[in-house]
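Here the structure comes first, spelled out in structure tokens, and everything after it is commentary.
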Amino acid sequence: MSVFQSAGRTDLGKVRKRNEDAILSRDDARLWVVADGLGGHSAGDVASALIAERLAAIEVGSSAPDAVDAIDDALLAVHEELRLLAQQRRVDLIGSTVALTLIRDGVGLCGWVGDSRVYCYEGGQLRQLTVDHAHAPPLGSTSQAGAGVLTRAIGADQVLSIDWLAVALKADTQLLLCTDGVNKEMSDQELAEVLGAASSAEAAIDDIFACCLARGARDNVSAIVIRAPV
């Protein structure tokens, strides 16, 4: 089994009173997750924590299809539980985004709902693998950079749709999973420079968080960096 180097962190940031993000790193199972509870709604921290808790508990065997099925089943169960919880609490929505990566046989399988992201860095280039489930803010809007109106989230619509894609991993591949608190503060070019210069996954995380916090960290900040074995 190939050994992947990873490092992850979540931080309250400088403005929010509560951290509604959650992360999960299961290096042994080669599964990594970030989740961002919906701010402005009830119990976003409960939603993101439940995603991390359930994905921490599932069995993910060596078979990629079986592992993806197990993840889908867990997220669908969380989705239904959050919708029921919202009804019981008489609130409109309790929800969260999620972005995750599962590695099997040299392939990164990326699943997501919402605007948390997975990036791939290789050959000196950074590309966003996931496509945000969000409407862009209107032209001239004063909203935070990268902020839009979510069109999909765990716990939101009656039917949950989880998007998946696969990416072949090369010797120099790095994957970055992050909530939007990162891309609100750093451009893709800046993230590419950090990943290209850092000597390790931990060093990359250190640099990302130092930059986000220095710029005011207007949202919770969460990220995981995964490095393929050389």
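Every chain in the structure tokens takes a letter, A first, then B, and so on in the order presented; its residues are numbered from 1, and the ligands are numbered from 1 following the presented order.
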Skipping near chain neighbours, those fewer than 5 positions away, what residues fall within 8 Å of Ile23 (chain A) using only C-alpha atoms, listed as a ChimeraX atom specification?
/A:8-10,32-35,52,222-224
Residues near Ala168 (chain A), cut-off 7 Å, only C-alpha atoms, skip fewer than 3 positions along chain, as a ChimeraX atom specification
/A:106-108
I need the chosen residues saved as a PDB file, in the first residue's frame, with N, CA, C and O atoms.
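The result, written out as part30.pdb:
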```pdb
ATOM      1  N   GLY A 106      -3.628   4.399  -7.119  1.00  0.00           N
ATOM      2  CA  GLY A 106      -3.017   5.512  -7.839  1.00  0.00           C
ATOM      3  C   GLY A 106      -3.994   6.508  -8.418  1.00  0.00           C
ATOM      4  O   GLY A 106      -3.618   7.358  -9.242  1.00  0.00           O
ATOM      5  N   VAL A 107      -5.245   6.436  -8.002  1.00  0.00           N
ATOM      6  CA  VAL A 107      -6.279   7.350  -8.495  1.00  0.00           C
ATOM      7  C   VAL A 107      -6.913   8.068  -7.305  1.00  0.00           C
ATOM      8  O   VAL A 107      -7.236   7.447  -6.289  1.00  0.00           O
ATOM      9  N   GLY A 108      -7.083   9.372  -7.453  1.00  0.00           N
ATOM     10  CA  GLY A 108      -7.791  10.146  -6.453  1.00  0.00           C
ATOM     11  C   GLY A 108      -9.247  10.277  -6.855  1.00  0.00           C
ATOM     12  O   GLY A 108      -9.556  10.803  -7.931  1.00  0.00           O
TER      13      GLY A 108
END
```
If you run DSSP on this backbone, which residues of region 52-220 of chain A come out as alpha helix (DSSP H), and could you give them as a PyMOL selection string?
chain A and resi 52-57+64-89+180-183+188-197+201-214
Go through A:His41, A:Cys178, A:Leu160, A:Glu122 and flag the residue nearest Ala99 (chain A), using only C-alpha atoms for the distances.
A:Cys178
Could you jot down the CA of Val131 (chain A) to CA of Asp115 (chain A) separation for me, Å, one decimal place?
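According to the coordinates, CA of Val131 (chain A) and CA of Asp115 (chain A) are separated by 7.5 Å.
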I want to know what sits within 10 Å of Arg117 (chain A), based on only C-alpha atoms, with residues of the same chain fewer than 6 positions away left out; could you give that as a PyMOL selection string?
chain A and resi 34-35+97-100+110-111+128-132+176-180+182-183+223
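Counting only C-alpha atoms and comparing A:Ala7, A:Ala166, A:Leu55, A:Ala43, the residue that lies closest to Leu82 (chain A) is A:Ala43.
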Using only C-alpha atoms, determine which residues lie at most 8 Å from Ala134 (chain A), disregarding the query and same-chain residues fewer than 3 positions distant; provide the list as a PyMOL selection string.
chain A and resi 114-115+148-152
Output file for the residues above (N, CA, C and O atoms, as a short mmCIF file (atom, residue, chain, number, x, y, z; two decimals), in the first residue's frame):
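selection_5.cif written:
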```
data_model
loop_
_atom_site.label_atom_id
_atom_site.label_comp_id
_atom_site.auth_asym_id
_atom_site.auth_seq_id
_atom_site.Cartn_x
_atom_site.Cartn_y
_atom_site.Cartn_z
N GLY A 114 -21.59 21.28 -2.63
CA GLY A 114 -21.42 22.66 -2.18
C GLY A 114 -20.18 23.30 -2.76
O GLY A 114 -19.72 22.95 -3.84
N ASP A 115 -19.59 24.25 -2.00
CA ASP A 115 -18.46 25.01 -2.53
C ASP A 115 -17.14 24.78 -1.80
O ASP A 115 -16.19 25.54 -1.99
N GLY A 148 -20.62 33.04 -2.93
CA GLY A 148 -21.77 32.99 -3.81
C GLY A 148 -22.93 32.37 -3.07
O GLY A 148 -22.85 32.07 -1.87
N VAL A 149 -24.03 32.17 -3.77
CA VAL A 149 -25.20 31.55 -3.17
C VAL A 149 -25.17 30.06 -3.47
O VAL A 149 -25.16 29.64 -4.63
N LEU A 150 -25.12 29.25 -2.41
CA LEU A 150 -25.05 27.80 -2.60
C LEU A 150 -26.28 27.28 -3.30
O LEU A 150 -27.41 27.69 -3.01
N THR A 151 -26.08 26.34 -4.21
CA THR A 151 -27.19 25.68 -4.88
C THR A 151 -27.35 24.23 -4.41
O THR A 151 -28.32 23.57 -4.80
N ARG A 152 -26.43 23.75 -3.59
CA ARG A 152 -26.50 22.36 -3.13
C ARG A 152 -25.76 22.25 -1.80
O ARG A 152 -24.70 22.84 -1.63
#
```
Can you list, as a list in words, every protein, DNA or RNA residue that comes within 8 Å of Met186 (chain A) when you count only C-alpha atoms, leaving out same-chain residues fewer than 4 positions away?
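The neighbour list is Val182, Glu190, Leu191, Cys211 and Cys212 of chain A.
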Please produce a file of those selected residues containing all heavy atoms, as a PDB file, in the first residue's frame.
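Written file, selection_5.pdb:
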```
ATOM      1  N   VAL A 182     -10.492  29.514   2.925  1.00  0.00           N
ATOM      2  CA  VAL A 182      -9.152  29.610   2.317  1.00  0.00           C
ATOM      3  C   VAL A 182      -9.200  30.433   1.044  1.00  0.00           C
ATOM      4  O   VAL A 182      -8.447  31.399   0.881  1.00  0.00           O
ATOM      5  CB  VAL A 182      -8.581  28.204   2.029  1.00  0.00           C
ATOM      6  CG1 VAL A 182      -7.293  28.304   1.216  1.00  0.00           C
ATOM      7  CG2 VAL A 182      -8.325  27.459   3.329  1.00  0.00           C
ATOM      8  N   GLU A 190      -1.570  32.143  -5.566  1.00  0.00           N
ATOM      9  CA  GLU A 190      -0.888  32.120  -4.273  1.00  0.00           C
ATOM     10  C   GLU A 190      -0.861  30.711  -3.689  1.00  0.00           C
ATOM     11  O   GLU A 190       0.156  30.291  -3.116  1.00  0.00           O
ATOM     12  CB  GLU A 190      -1.569  33.091  -3.311  1.00  0.00           C
ATOM     13  CG  GLU A 190      -1.343  34.547  -3.672  1.00  0.00           C
ATOM     14  CD  GLU A 190      -2.198  35.495  -2.859  1.00  0.00           C
ATOM     15  OE1 GLU A 190      -3.339  35.113  -2.483  1.00  0.00           O
ATOM     16  OE2 GLU A 190      -1.734  36.614  -2.595  1.00  0.00           O
ATOM     17  N   LEU A 191      -1.945  29.985  -3.841  1.00  0.00           N
ATOM     18  CA  LEU A 191      -1.964  28.606  -3.359  1.00  0.00           C
ATOM     19  C   LEU A 191      -0.951  27.758  -4.122  1.00  0.00           C
ATOM     20  O   LEU A 191      -0.253  26.924  -3.530  1.00  0.00           O
ATOM     21  CB  LEU A 191      -3.365  28.011  -3.516  1.00  0.00           C
ATOM     22  CG  LEU A 191      -4.435  28.581  -2.580  1.00  0.00           C
ATOM     23  CD1 LEU A 191      -5.814  28.076  -2.993  1.00  0.00           C
ATOM     24  CD2 LEU A 191      -4.139  28.213  -1.128  1.00  0.00           C
ATOM     25  N   CYS A 211      -0.945  32.815   6.070  1.00  0.00           N
ATOM     26  CA  CYS A 211      -1.427  33.823   5.129  1.00  0.00           C
ATOM     27  C   CYS A 211      -2.879  34.194   5.416  1.00  0.00           C
ATOM     28  O   CYS A 211      -3.224  35.383   5.500  1.00  0.00           O
ATOM     29  CB  CYS A 211      -1.275  33.307   3.700  1.00  0.00           C
ATOM     30  SG  CYS A 211      -1.802  34.505   2.439  1.00  0.00           S
ATOM     31  N   CYS A 212      -3.740  33.201   5.579  1.00  0.00           N
ATOM     32  CA  CYS A 212      -5.163  33.478   5.826  1.00  0.00           C
ATOM     33  C   CYS A 212      -5.368  34.267   7.114  1.00  0.00           C
ATOM     34  O   CYS A 212      -6.157  35.223   7.159  1.00  0.00           O
ATOM     35  CB  CYS A 212      -5.946  32.179   5.878  1.00  0.00           C
ATOM     36  SG  CYS A 212      -6.115  31.332   4.292  1.00  0.00           S
TER      37      CYS A 212
END
```
Which residues are close to Arg54 (chain A), i.e. within 8 Å by only C-alpha atoms, leaving aside same-chain residues fewer than 2 positions away? Reply as a ChimeraX atom specification.
/A:50-52,56-58,74-75,78
When you count only C-alpha atoms, which of these residues is closest to Arg18 (chain A): A:Leu38, A:Leu31, A:Ile94, A:Ala67?
A:Leu38
So that I can check the surroundings of Arg218 (chain A), please list as a list of chain:residue names every protein, DNA and RNA residue that reaches within 7 Å of it, counting only C-alpha atoms and ignoring chain neighbours fewer than 6 positions away.
A:Gly13, A:Lys14, A:Val15
When you count only C-alpha atoms, which of these residues is closest to Asp219 (chain A): A:Gly95, A:Gly196, A:Gly37, A:Gly181?
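The shortest atom-to-atom distance to Asp219 (chain A) comes from A:Gly181.
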Strand (DSSP E) positions in region 10-220 of chain A, given as a count of residues only
56
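Shortest separation to Gly216 (chain A) among A:Asp27, A:Leu195, A:Lys184, A:Ala64 occurs at residue A:Lys184, atoms counted being only C-alpha atoms.
Each of A:Leu93, A:Ile208, A:Ile154, A:Ala22 was compared to His79 (chain A) using only C-alpha atoms, and A:Ile154 turns out to be the nearest.
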